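S.K.: Below you'll find run.csv; it's CSV, C-alpha atoms.
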```
chain,number,residue,atom,x,y,z
F,333,MET,CA,29.4,-11.4,-23.6
F,334,ASN,CA,27.4,-9.6,-20.9
F,335,TRP,CA,26.1,-7.2,-23.6
F,336,LEU,CA,24.7,-10.1,-25.6
F,337,LEU,CA,23.0,-11.5,-22.5
F,338,VAL,CA,21.4,-8.1,-21.7
F,339,VAL,CA,20.2,-8.0,-25.3
F,340,LEU,CA,18.7,-11.5,-25.0
F,341,GLY,CA,17.1,-10.8,-21.7
F,342,GLY,CA,15.6,-7.5,-22.9
F,343,ALA,CA,14.3,-9.1,-26.0
F,344,ALA,CA,12.4,-11.6,-23.8
F,345,GLY,CA,11.3,-9.2,-21.0
F,346,ALA,CA,9.5,-6.6,-23.1
F,347,PRO,CA,7.2,-9.1,-25.0
F,348,LEU,CA,6.6,-10.9,-21.7
F,349,ARG,CA,5.4,-7.6,-20.2
F,350,TYR,CA,3.1,-6.9,-23.2
F,351,LEU,CA,1.6,-10.4,-23.1
F,352,THR,CA,1.2,-10.4,-19.3
F,353,ASP,CA,-0.5,-7.0,-19.5
F,354,ARG,CA,-2.9,-8.3,-22.1
F,355,ALA,CA,-3.7,-11.4,-20.1
F,356,VAL,CA,-4.3,-9.4,-16.9
F,357,GLN,CA,-6.6,-6.9,-18.7
F,358,ALA,CA,-8.5,-9.7,-20.4
F,359,ARG,CA,-9.1,-11.4,-17.1
F,360,HIS,CA,-10.6,-8.3,-15.7
F,361,GLY,CA,-13.3,-8.7,-18.2
F,362,ALA,CA,-14.0,-7.0,-21.5
F,363,GLY,CA,-16.3,-4.1,-21.3
F,364,THR,CA,-16.1,-3.6,-17.6
F,365,PRO,CA,-15.0,-0.1,-16.7
F,366,TYR,CA,-12.0,-1.1,-14.6
F,367,VAL,CA,-9.4,1.7,-14.6
F,368,PHE,CA,-6.7,0.6,-12.1
F,369,PRO,CA,-3.6,-0.5,-14.1
F,370,TRP,CA,-3.4,-4.1,-12.8
F,371,GLY,CA,-1.4,-5.3,-15.7
F,372,THR,CA,1.6,-3.0,-15.1
F,373,PHE,CA,1.2,-3.4,-11.4
F,374,THR,CA,1.5,-7.2,-11.8
F,375,VAL,CA,4.6,-7.2,-14.0
F,376,ASN,CA,6.4,-4.7,-11.8
F,377,ALA,CA,5.7,-6.8,-8.7
F,378,ALA,CA,6.6,-10.1,-10.4
F,379,GLY,CA,9.8,-8.6,-11.9
F,380,SER,CA,10.8,-7.2,-8.5
F,381,LEU,CA,10.2,-10.5,-6.8
F,382,LEU,CA,12.4,-12.3,-9.4
F,383,LEU,CA,15.2,-9.6,-9.1
F,384,GLY,CA,15.0,-10.1,-5.3
F,385,LEU,CA,15.5,-13.8,-5.8
F,386,LEU,CA,18.5,-13.1,-8.0
F,387,THR,CA,20.2,-10.7,-5.7
F,388,GLY,CA,19.5,-12.9,-2.7
F,389,ALA,CA,21.0,-15.9,-4.4
F,390,THR,CA,24.0,-13.8,-5.4
F,391,VAL,CA,24.0,-15.2,-8.9
F,392,SER,CA,27.0,-14.9,-11.2
F,393,THR,CA,27.5,-11.8,-13.3
F,394,PRO,CA,26.4,-13.4,-16.6
F,395,VAL,CA,23.3,-14.8,-15.1
F,396,TYR,CA,22.5,-11.4,-13.6
F,397,ALA,CA,23.1,-9.7,-17.0
F,398,LEU,CA,20.6,-12.1,-18.7
F,399,LEU,CA,17.9,-12.4,-16.0
F,400,GLY,CA,18.4,-9.3,-13.9
F,401,THR,CA,19.5,-6.4,-16.1
F,402,GLY,CA,18.0,-7.9,-19.2
F,403,LEU,CA,14.8,-9.9,-18.4
F,404,CYS,CA,13.7,-8.2,-15.1
F,405,GLY,CA,14.8,-4.8,-16.3
F,406,ALA,CA,12.7,-5.0,-19.5
F,407,LEU,CA,9.8,-6.9,-17.9
F,408,THR,CA,9.3,-4.1,-15.4
F,409,THR,CA,8.8,-0.5,-16.4
F,410,TYR,CA,8.8,3.0,-15.0
F,411,SER,CA,7.6,4.8,-18.1
F,412,THR,CA,4.3,2.9,-18.5
F,413,PHE,CA,3.8,3.2,-14.7
F,414,SER,CA,4.3,7.0,-14.7
F,415,TYR,CA,2.1,7.6,-17.7
F,416,GLU,CA,-0.7,5.5,-16.3
F,417,THR,CA,-0.5,7.4,-13.0
F,418,LEU,CA,-0.6,10.7,-14.9
F,419,ARG,CA,-3.7,9.7,-16.9
F,420,LEU,CA,-5.5,8.6,-13.7
F,421,ALA,CA,-4.7,11.9,-12.0
F,422,GLU,CA,-5.7,14.1,-15.0
F,423,THR,CA,-9.0,12.3,-15.6
F,424,GLY,CA,-10.2,13.0,-12.1
F,425,ARG,CA,-9.1,9.8,-10.5
F,426,GLY,CA,-6.6,11.3,-8.1
F,427,PHE,CA,-7.2,8.6,-5.5
F,428,LEU,CA,-6.4,5.8,-7.8
F,429,ALA,CA,-3.3,7.7,-9.0
F,430,GLY,CA,-2.1,8.0,-5.5
F,431,ALA,CA,-3.0,4.4,-4.7
F,432,ASN,CA,-1.2,3.2,-7.8
F,433,LEU,CA,1.9,5.1,-6.8
F,434,LEU,CA,2.0,4.0,-3.1
F,435,ALA,CA,1.0,0.4,-3.8
F,436,SER,CA,3.5,0.0,-6.6
F,437,LEU,CA,6.3,1.3,-4.4
F,438,LEU,CA,5.4,-0.7,-1.3
F,439,VAL,CA,4.7,-3.9,-3.2
F,440,GLY,CA,7.8,-3.6,-5.4
F,441,LEU,CA,10.0,-3.0,-2.4
F,442,GLY,CA,8.3,-5.8,-0.4
F,443,ALA,CA,8.6,-8.2,-3.4
F,444,VAL,CA,12.4,-7.5,-3.6
F,445,PHE,CA,12.8,-8.2,0.2
F,446,LEU,CA,10.6,-11.3,-0.1
F,447,GLY,CA,12.6,-12.7,-3.0
F,448,ALA,CA,15.9,-12.0,-1.3
F,449,GLU,CA,14.7,-13.7,1.9
F,450,LEU,CA,13.4,-16.7,-0.1
F,451,ALA,CA,16.8,-17.0,-1.9
F,452,GLY,CA,18.9,-16.8,1.2
F,453,GLY,CA,18.8,-13.2,2.4
F,454,PHE,CA,20.6,-10.0,1.8
F,455,GLY,CA,24.2,-9.6,2.8
F,456,GLY,CA,25.9,-11.2,-0.1
F,457,PRO,CA,28.2,-9.2,-2.4
F,458,GLY,CA,25.5,-9.3,-5.2
F,459,VAL,CA,23.4,-6.8,-3.3
Q,1164,MET,CA,-9.9,23.3,-30.1
Q,1165,SER,CA,-8.5,21.1,-27.4
Q,1166,THR,CA,-10.8,20.6,-24.5
Q,1167,GLN,CA,-9.8,17.0,-23.9
Q,1168,ASP,CA,-11.0,14.3,-21.6
Q,1169,PRO,CA,-14.3,15.3,-20.1
Q,1170,LEU,CA,-13.9,12.4,-17.6
Q,1171,PRO,CA,-14.1,9.5,-20.0
Q,1172,GLU,CA,-15.7,6.4,-18.8
Q,1173,ARG,CA,-12.6,4.4,-19.4
Q,1174,PRO,CA,-9.5,6.6,-20.0
Q,1175,VAL,CA,-6.8,5.1,-22.1
Q,1176,VAL,CA,-4.2,4.7,-19.5
Q,1177,ASP,CA,-1.9,1.8,-20.4
Q,1178,PRO,CA,0.8,2.6,-23.0
Q,1179,ASP,CA,1.9,-1.0,-23.2
Q,1180,VAL,CA,-1.5,-2.1,-24.5
Q,1181,ASP,CA,-5.0,-1.0,-23.8
Q,1182,LEU,CA,-7.7,-3.6,-24.7
Q,1183,SER,CA,-10.4,-1.0,-24.6
Q,1184,VAL,CA,-8.9,0.4,-27.9
Q,1185,PRO,CA,-10.1,-1.9,-30.7
Q,1186,ALA,CA,-6.9,-1.5,-32.8
Q,1187,GLN,CA,-4.7,-2.5,-29.8
Q,1188,ARG,CA,-7.0,-5.4,-28.9
Q,1189,ALA,CA,-6.5,-6.7,-32.4
Q,1190,GLU,CA,-2.7,-6.5,-32.3
Q,1191,THR,CA,-2.3,-10.2,-31.4
Q,1192,GLU,CA,-4.8,-11.4,-34.0
Q,1193,GLY,CA,-3.8,-12.9,-37.3
Q,1194,PRO,CA,-0.3,-13.1,-38.8
Q,1195,GLY,CA,0.5,-9.5,-37.8
Q,1196,LYS,CA,0.9,-10.8,-34.2
Q,1197,TRP,CA,4.5,-11.9,-34.8
Q,1198,ARG,CA,5.4,-8.6,-36.3
Q,1199,VAL,CA,4.1,-6.8,-33.3
Q,1200,LEU,CA,5.9,-9.2,-30.9
Q,1201,ALA,CA,9.1,-8.9,-33.0
Q,1202,VAL,CA,9.3,-5.1,-32.8
Q,1203,ILE,CA,8.6,-5.2,-29.1
Q,1204,ALA,CA,11.4,-7.7,-28.6
Q,1205,ALA,CA,13.8,-5.6,-30.8
Q,1206,GLY,CA,12.8,-2.5,-28.9
Q,1207,GLY,CA,13.2,-4.2,-25.5
Q,1208,ALA,CA,16.7,-5.4,-26.5
Q,1209,ALA,CA,17.7,-1.9,-27.6
Q,1210,GLY,CA,16.2,-0.2,-24.5
Q,1211,ALA,CA,17.8,-2.7,-22.1
Q,1212,THR,CA,21.2,-2.3,-23.8
Q,1213,ALA,CA,21.0,1.5,-23.5
Q,1214,ARG,CA,20.1,1.2,-19.8
Q,1215,TYR,CA,23.1,-1.2,-19.3
Q,1216,ALA,CA,25.4,1.2,-21.1
Q,1217,ALA,CA,24.1,4.0,-18.8
Q,1218,THR,CA,24.9,2.1,-15.7
Q,1219,LEU,CA,28.4,1.4,-16.9
Q,1220,ALA,CA,29.0,5.0,-17.9
Q,1221,LEU,CA,27.6,6.5,-14.7
Q,1222,PRO,CA,28.4,4.4,-11.6
Q,1223,ALA,CA,26.6,4.9,-8.3
Q,1224,ALA,CA,27.7,7.9,-6.1
Q,1225,ASP,CA,29.8,7.4,-3.0
Q,1226,ASP,CA,26.6,7.3,-0.9
Q,1227,GLY,CA,25.2,4.7,-3.2
Q,1228,PHE,CA,22.7,6.9,-5.0
Q,1229,PRO,CA,22.0,5.1,-8.3
Q,1230,TRP,CA,22.3,8.1,-10.6
Q,1231,ALA,CA,22.3,6.1,-13.9
Q,1232,ILE,CA,19.0,4.4,-13.2
Q,1233,PHE,CA,17.5,7.6,-11.8
Q,1234,ALA,CA,18.4,9.4,-15.1
Q,1235,VAL,CA,17.3,6.5,-17.2
Q,1236,ASN,CA,13.9,6.3,-15.6
Q,1237,VAL,CA,13.2,10.1,-15.6
Q,1238,THR,CA,14.3,10.4,-19.2
Q,1239,GLY,CA,12.2,7.4,-20.2
Q,1240,CYS,CA,9.1,8.9,-18.5
Q,1241,ALA,CA,9.5,12.2,-20.3
Q,1242,LEU,CA,9.8,10.4,-23.7
Q,1243,ILE,CA,6.7,8.2,-23.0
Q,1244,GLY,CA,4.8,11.4,-22.4
Q,1245,VAL,CA,5.8,12.7,-25.8
Q,1246,LEU,CA,5.2,9.4,-27.6
Q,1247,MET,CA,1.7,8.8,-26.1
Q,1248,VAL,CA,0.5,12.2,-27.0
Q,1249,LEU,CA,1.8,11.9,-30.6
Q,1250,THR,CA,0.4,8.4,-31.1
Q,1251,VAL,CA,-2.7,7.4,-29.0
Q,1252,GLU,CA,-3.8,10.8,-27.8
Q,1253,ARG,CA,-3.5,13.1,-30.8
Q,1254,GLY,CA,-2.9,10.7,-33.6
Q,1255,ARG,CA,0.0,12.6,-35.2
Q,1256,ILE,CA,1.8,9.3,-35.7
Q,1257,THR,CA,-0.5,6.6,-37.0
Q,1258,HIS,CA,1.8,3.8,-37.9
Q,1259,PRO,CA,0.6,0.8,-35.9
Q,1260,LEU,CA,4.0,-0.4,-35.0
Q,1261,VAL,CA,5.3,2.8,-33.5
Q,1262,ARG,CA,3.8,2.4,-30.0
Q,1263,PRO,CA,4.7,-1.3,-29.8
Q,1264,PHE,CA,8.3,-0.6,-30.8
Q,1265,LEU,CA,9.1,2.7,-29.1
Q,1266,GLY,CA,6.7,2.6,-26.2
Q,1267,VAL,CA,6.4,-1.1,-25.2
Q,1268,GLY,CA,9.8,-2.1,-26.4
Q,1269,VAL,CA,12.4,0.7,-26.3
Q,1270,LEU,CA,11.0,2.8,-23.4
Q,1271,GLY,CA,9.7,-0.1,-21.5
Q,1272,GLY,CA,13.0,-1.9,-21.8
Q,1273,PHE,CA,15.0,1.2,-21.1
Q,1274,THR,CA,13.1,2.1,-17.9
Q,1275,THR,CA,12.9,-0.3,-15.0
Q,1276,PHE,CA,11.0,-0.8,-11.8
Q,1277,SER,CA,12.7,-3.9,-10.5
Q,1278,THR,CA,16.2,-2.4,-10.4
Q,1279,TYR,CA,14.8,0.7,-8.8
Q,1280,ALA,CA,13.1,-1.3,-6.1
Q,1281,ALA,CA,16.2,-3.6,-5.6
Q,1282,ASP,CA,18.4,-0.5,-5.3
Q,1283,VAL,CA,16.2,0.9,-2.6
Q,1284,SER,CA,16.2,-2.4,-0.8
Q,1285,GLY,CA,19.9,-2.7,-1.1
Q,1286,LEU,CA,20.4,0.7,0.4
Q,1287,LEU,CA,18.1,-0.1,3.3
Q,1288,ALA,CA,19.9,-3.4,3.8
Q,1289,ARG,CA,23.2,-1.5,4.0
Q,1290,GLN,CA,21.8,1.0,6.6
Q,1291,GLU,CA,21.7,3.8,4.1
Q,1292,ALA,CA,18.2,4.7,4.9
Q,1293,ALA,CA,18.4,8.4,4.1
Q,1294,THR,CA,19.8,7.7,0.6
Q,1295,ALA,CA,17.2,5.0,0.1
Q,1296,MET,CA,14.3,7.3,0.9
Q,1297,ALA,CA,15.8,10.2,-1.1
Q,1298,TYR,CA,16.3,7.9,-4.1
Q,1299,MET,CA,12.8,6.4,-3.8
Q,1300,GLY,CA,11.1,9.7,-3.4
Q,1301,ALA,CA,13.2,11.7,-5.9
Q,1302,THR,CA,12.6,9.1,-8.7
Q,1303,ALA,CA,8.9,9.1,-8.2
Q,1304,VAL,CA,8.6,12.9,-8.1
Q,1305,ALA,CA,11.0,13.5,-11.0
Q,1306,ALA,CA,9.5,10.7,-13.1
Q,1307,LEU,CA,5.9,11.9,-12.6
Q,1308,GLY,CA,7.0,15.5,-13.2
Q,1309,ALA,CA,8.8,14.5,-16.3
Q,1310,VAL,CA,5.8,12.7,-17.9
Q,1311,TRP,CA,3.4,15.4,-16.9
Q,1312,ALA,CA,5.6,18.2,-18.3
Q,1313,ALA,CA,6.5,16.3,-21.5
Q,1314,ALA,CA,2.9,15.4,-22.2
Q,1315,ALA,CA,1.6,18.9,-21.5
Q,1316,LEU,CA,4.2,20.5,-23.7
Q,1317,THR,CA,3.7,18.0,-26.6
Q,1318,ARG,CA,-0.1,18.5,-26.3
Q,1319,ALA,CA,0.3,22.3,-26.5
Q,1320,LEU,CA,2.6,22.1,-29.5
Q,1321,ALA,CA,0.4,19.5,-31.3
Q,1322,ASP,CA,-2.7,21.5,-30.8
Q,1323,ARG,CA,-1.1,24.8,-31.9
Q,1324,ARG,CA,0.1,23.1,-35.1
Q,1325,GLY,CA,-3.4,21.6,-35.5
Q,1326,ARG,CA,-5.0,25.0,-35.4
Q,1327,THR,CA,-2.5,26.7,-37.8
Q,1328,ALA,CA,-2.4,23.8,-40.3
```
As structure tokens, please, write out the structure in this file.
M.R.:
Amino acid sequence: MNWLLVVLGGAAGAPLRYLTDRAVQARHGAGTPYVFPWGTFTVNAAGSLLLGLLTGATVSTPVYALLGTGLCGALTTYSTFSYETLRLAETGRGFLAGANLLASLLVGLGAVFLGAELAGGFGGPGV
Amino acid sequence: MSTQDPLPERPVVDPDVDLSVPAQRAETEGPGKWRVLAVIAAGGAAGATARYAATLALPAADDGFPWAIFAVNVTGCALIGVLMVLTVERGRITHPLVRPFLGVGVLGGFTTFSTYAADVSGLLARQEAATAMAYMGATAVAALGAVWAAAALTRALADRRGRTA
């Protein structure tokens, strides 16, 4: 049962990341030479916030499998984040690479704490 | 010859989708849109399932270090390096659904940032600050090292084959 829920959550999370990334990039204006990976930054922060809410609320195992492991897991990504950071670094944009790394870590961590606080705080067995 | 990237105006940096690449910008146009979204969903389901299997097979260590997610993220970062070089960078693989399926779907669904952040938070909340910092730092260093090494190796192999072919 949990397997199926992970499958469903993953099948929703990956397209959601793709579409969100497109929307964020489009908002930043076609043709403007923006280079900071705002799209991936946004999905990673949003997914971390949602996962914080789930852990703070100590949801049931099936709900966590669907929304936590499946949806949040696939909505967020480390592979895209790392390749983007690499490309920034090797195209002479070391500052942006470092900023992306630090900001993603800090904001992701902060988003989890914020979500958990909003949902009732850490301390439950779900964390 | 392989003198790449003389500081491009706008480097292709986003493996999920990069709207500065015309072919990728057009992925959601016309009836092909649903095929792209379908392969991303299928890949995401496969990647998430593989990650779930890894967490069941390799539970956290006694000190709470989440080895399964660590291994998943580092492996996924190495593989995205190989994939992006073979597809977008060097064009060795040209099928338009390969990046959406394997990159956006499978590897994006396999690796995770949210569980990583939540595990660090959970360790901090349980007063395991040393493990939390070690996990956060080790993942970042190993993941970036993996994508760099995999991309460099794949570029070298692709360019050597390109010269001898």
S.K.: Which residues of chain Q are close to chain F, meaning at most 6 Å apart when you count only C-alpha atoms, and how do they look as a list in words?
M.R.: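 Therefore, the residues near the partner are Leu1170, Arg1173, Val1176, Asp1177, Pro1178, Ile1203, Ala1204, Ala1205, Gly1207, Ala1208, Ala1211, Thr1212, Gly1239, Cys1240, Gly1268, Gly1271, Gly1272, Thr1274, Thr1275, Phe1276, Ser1277, Ala1280, Ala1281, Gly1285 and Leu1307 of chain Q.
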S.K.: Restricting the calculation to only C-alpha atoms, which member of Q:Val1261, Q:Gly1244, Q:Pro1194, Q:Asp1225 is positioned closest to Trp1311 in chain Q?
M.R.: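 So, comparing all the options, the nearest one is Q:Gly1244.
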S.K.: How far is it from CA of Val1245 in chain Q to CA of Ala1321 in chain Q, in Å with one decimal?
M.R.: 10.3 Å
S.K.: Within 7 Å of Leu385 in chain F, counting all atoms listed in the file, which residues show up once you throw out same-chain ones fewer than 5 positions away? Write them as an MDAnalysis selection string, please.
M.R.: chainID F and resid 447:448 450:451
S.K.: Quick one, how far is CA of Gly1206 in chain Q from CA of Phe1264 in chain Q?
M.R.: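 So the two atoms, CA of Gly1206 in chain Q and CA of Phe1264 in chain Q, lie 5.2 Å apart.
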S.K.: Write out as a list in words each polymer residue whose atoms come within 12 Å of Ala1305 in chain Q, counting only C-alpha atoms; drop sequence neighbours fewer than 5 positions from it.
M.R.: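 My list of contacting residues is Tyr410, Ser411 and Ser414 of chain F; Phe1233, Ala1234, Val1235, Asn1236, Val1237, Thr1238, Gly1239, Cys1240, Ala1241, Ala1297, Tyr1298, Met1299, Gly1300, Val1310, Trp1311, Ala1312 and Ala1313 of chain Q.
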S.K.: Would you work out the distance separating CA of Gly388 in chain F from CA of Arg1289 in chain Q, expressed in Å to one decimal?
M.R.: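 Between CA of Gly388 in chain F and CA of Arg1289 in chain Q the gap works out to 13.7 Å.
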S.K.: Could you write range 1230-1241 of chain Q as a PDB file, in the frame of the given file, with N, CA, C and O atoms rebuilt where they are missing?
M.R.:
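As a result, result37.pdb now contains:
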```pdb
ATOM      1  N   TRP Q1230      22.587   7.039  -9.709  1.00  0.00           N
ATOM      2  CA  TRP Q1230      22.300   8.100 -10.600  1.00  0.00           C
ATOM      3  C   TRP Q1230      21.924   7.649 -12.038  1.00  0.00           C
ATOM      4  O   TRP Q1230      21.093   8.263 -12.713  1.00  0.00           O
ATOM      5  N   ALA Q1231      22.555   6.585 -12.488  1.00  0.00           N
ATOM      6  CA  ALA Q1231      22.300   6.100 -13.900  1.00  0.00           C
ATOM      7  C   ALA Q1231      20.836   5.696 -14.015  1.00  0.00           C
ATOM      8  O   ALA Q1231      20.138   6.140 -14.938  1.00  0.00           O
ATOM      9  N   ILE Q1232      20.359   4.851 -13.104  1.00  0.00           N
ATOM     10  CA  ILE Q1232      19.000   4.400 -13.200  1.00  0.00           C
ATOM     11  C   ILE Q1232      17.995   5.519 -12.961  1.00  0.00           C
ATOM     12  O   ILE Q1232      16.933   5.595 -13.575  1.00  0.00           O
ATOM     13  N   PHE Q1233      18.385   6.441 -12.064  1.00  0.00           N
ATOM     14  CA  PHE Q1233      17.500   7.600 -11.800  1.00  0.00           C
ATOM     15  C   PHE Q1233      17.374   8.391 -13.162  1.00  0.00           C
ATOM     16  O   PHE Q1233      16.255   8.713 -13.579  1.00  0.00           O
ATOM     17  N   ALA Q1234      18.481   8.667 -13.839  1.00  0.00           N
ATOM     18  CA  ALA Q1234      18.400   9.400 -15.100  1.00  0.00           C
ATOM     19  C   ALA Q1234      17.683   8.653 -16.176  1.00  0.00           C
ATOM     20  O   ALA Q1234      16.899   9.231 -16.937  1.00  0.00           O
ATOM     21  N   VAL Q1235      17.924   7.354 -16.226  1.00  0.00           N
ATOM     22  CA  VAL Q1235      17.300   6.500 -17.200  1.00  0.00           C
ATOM     23  C   VAL Q1235      15.733   6.567 -17.024  1.00  0.00           C
ATOM     24  O   VAL Q1235      14.967   6.783 -17.976  1.00  0.00           O
ATOM     25  N   ASN Q1236      15.294   6.373 -15.798  1.00  0.00           N
ATOM     26  CA  ASN Q1236      13.900   6.300 -15.600  1.00  0.00           C
ATOM     27  C   ASN Q1236      13.190   7.687 -15.802  1.00  0.00           C
ATOM     28  O   ASN Q1236      12.107   7.760 -16.392  1.00  0.00           O
ATOM     29  N   VAL Q1237      13.836   8.771 -15.395  1.00  0.00           N
ATOM     30  CA  VAL Q1237      13.200  10.100 -15.600  1.00  0.00           C
ATOM     31  C   VAL Q1237      13.185  10.434 -17.091  1.00  0.00           C
ATOM     32  O   VAL Q1237      12.175  10.923 -17.607  1.00  0.00           O
ATOM     33  N   THR Q1238      14.265  10.129 -17.797  1.00  0.00           N
ATOM     34  CA  THR Q1238      14.300  10.400 -19.200  1.00  0.00           C
ATOM     35  C   THR Q1238      13.231   9.555 -19.969  1.00  0.00           C
ATOM     36  O   THR Q1238      12.496  10.060 -20.821  1.00  0.00           O
ATOM     37  N   GLY Q1239      13.152   8.289 -19.602  1.00  0.00           N
ATOM     38  CA  GLY Q1239      12.200   7.400 -20.200  1.00  0.00           C
ATOM     39  C   GLY Q1239      10.741   7.872 -19.996  1.00  0.00           C
ATOM     40  O   GLY Q1239       9.876   7.750 -20.870  1.00  0.00           O
ATOM     41  N   CYS Q1240      10.481   8.422 -18.811  1.00  0.00           N
ATOM     42  CA  CYS Q1240       9.100   8.900 -18.500  1.00  0.00           C
ATOM     43  C   CYS Q1240       8.794  10.153 -19.294  1.00  0.00           C
ATOM     44  O   CYS Q1240       7.659  10.324 -19.750  1.00  0.00           O
ATOM     45  N   ALA Q1241       9.773  11.028 -19.493  1.00  0.00           N
ATOM     46  CA  ALA Q1241       9.500  12.200 -20.300  1.00  0.00           C
ATOM     47  C   ALA Q1241       9.204  11.748 -21.769  1.00  0.00           C
ATOM     48  O   ALA Q1241       8.261  12.239 -22.400  1.00  0.00           O
TER      49      ALA Q1241
END
```
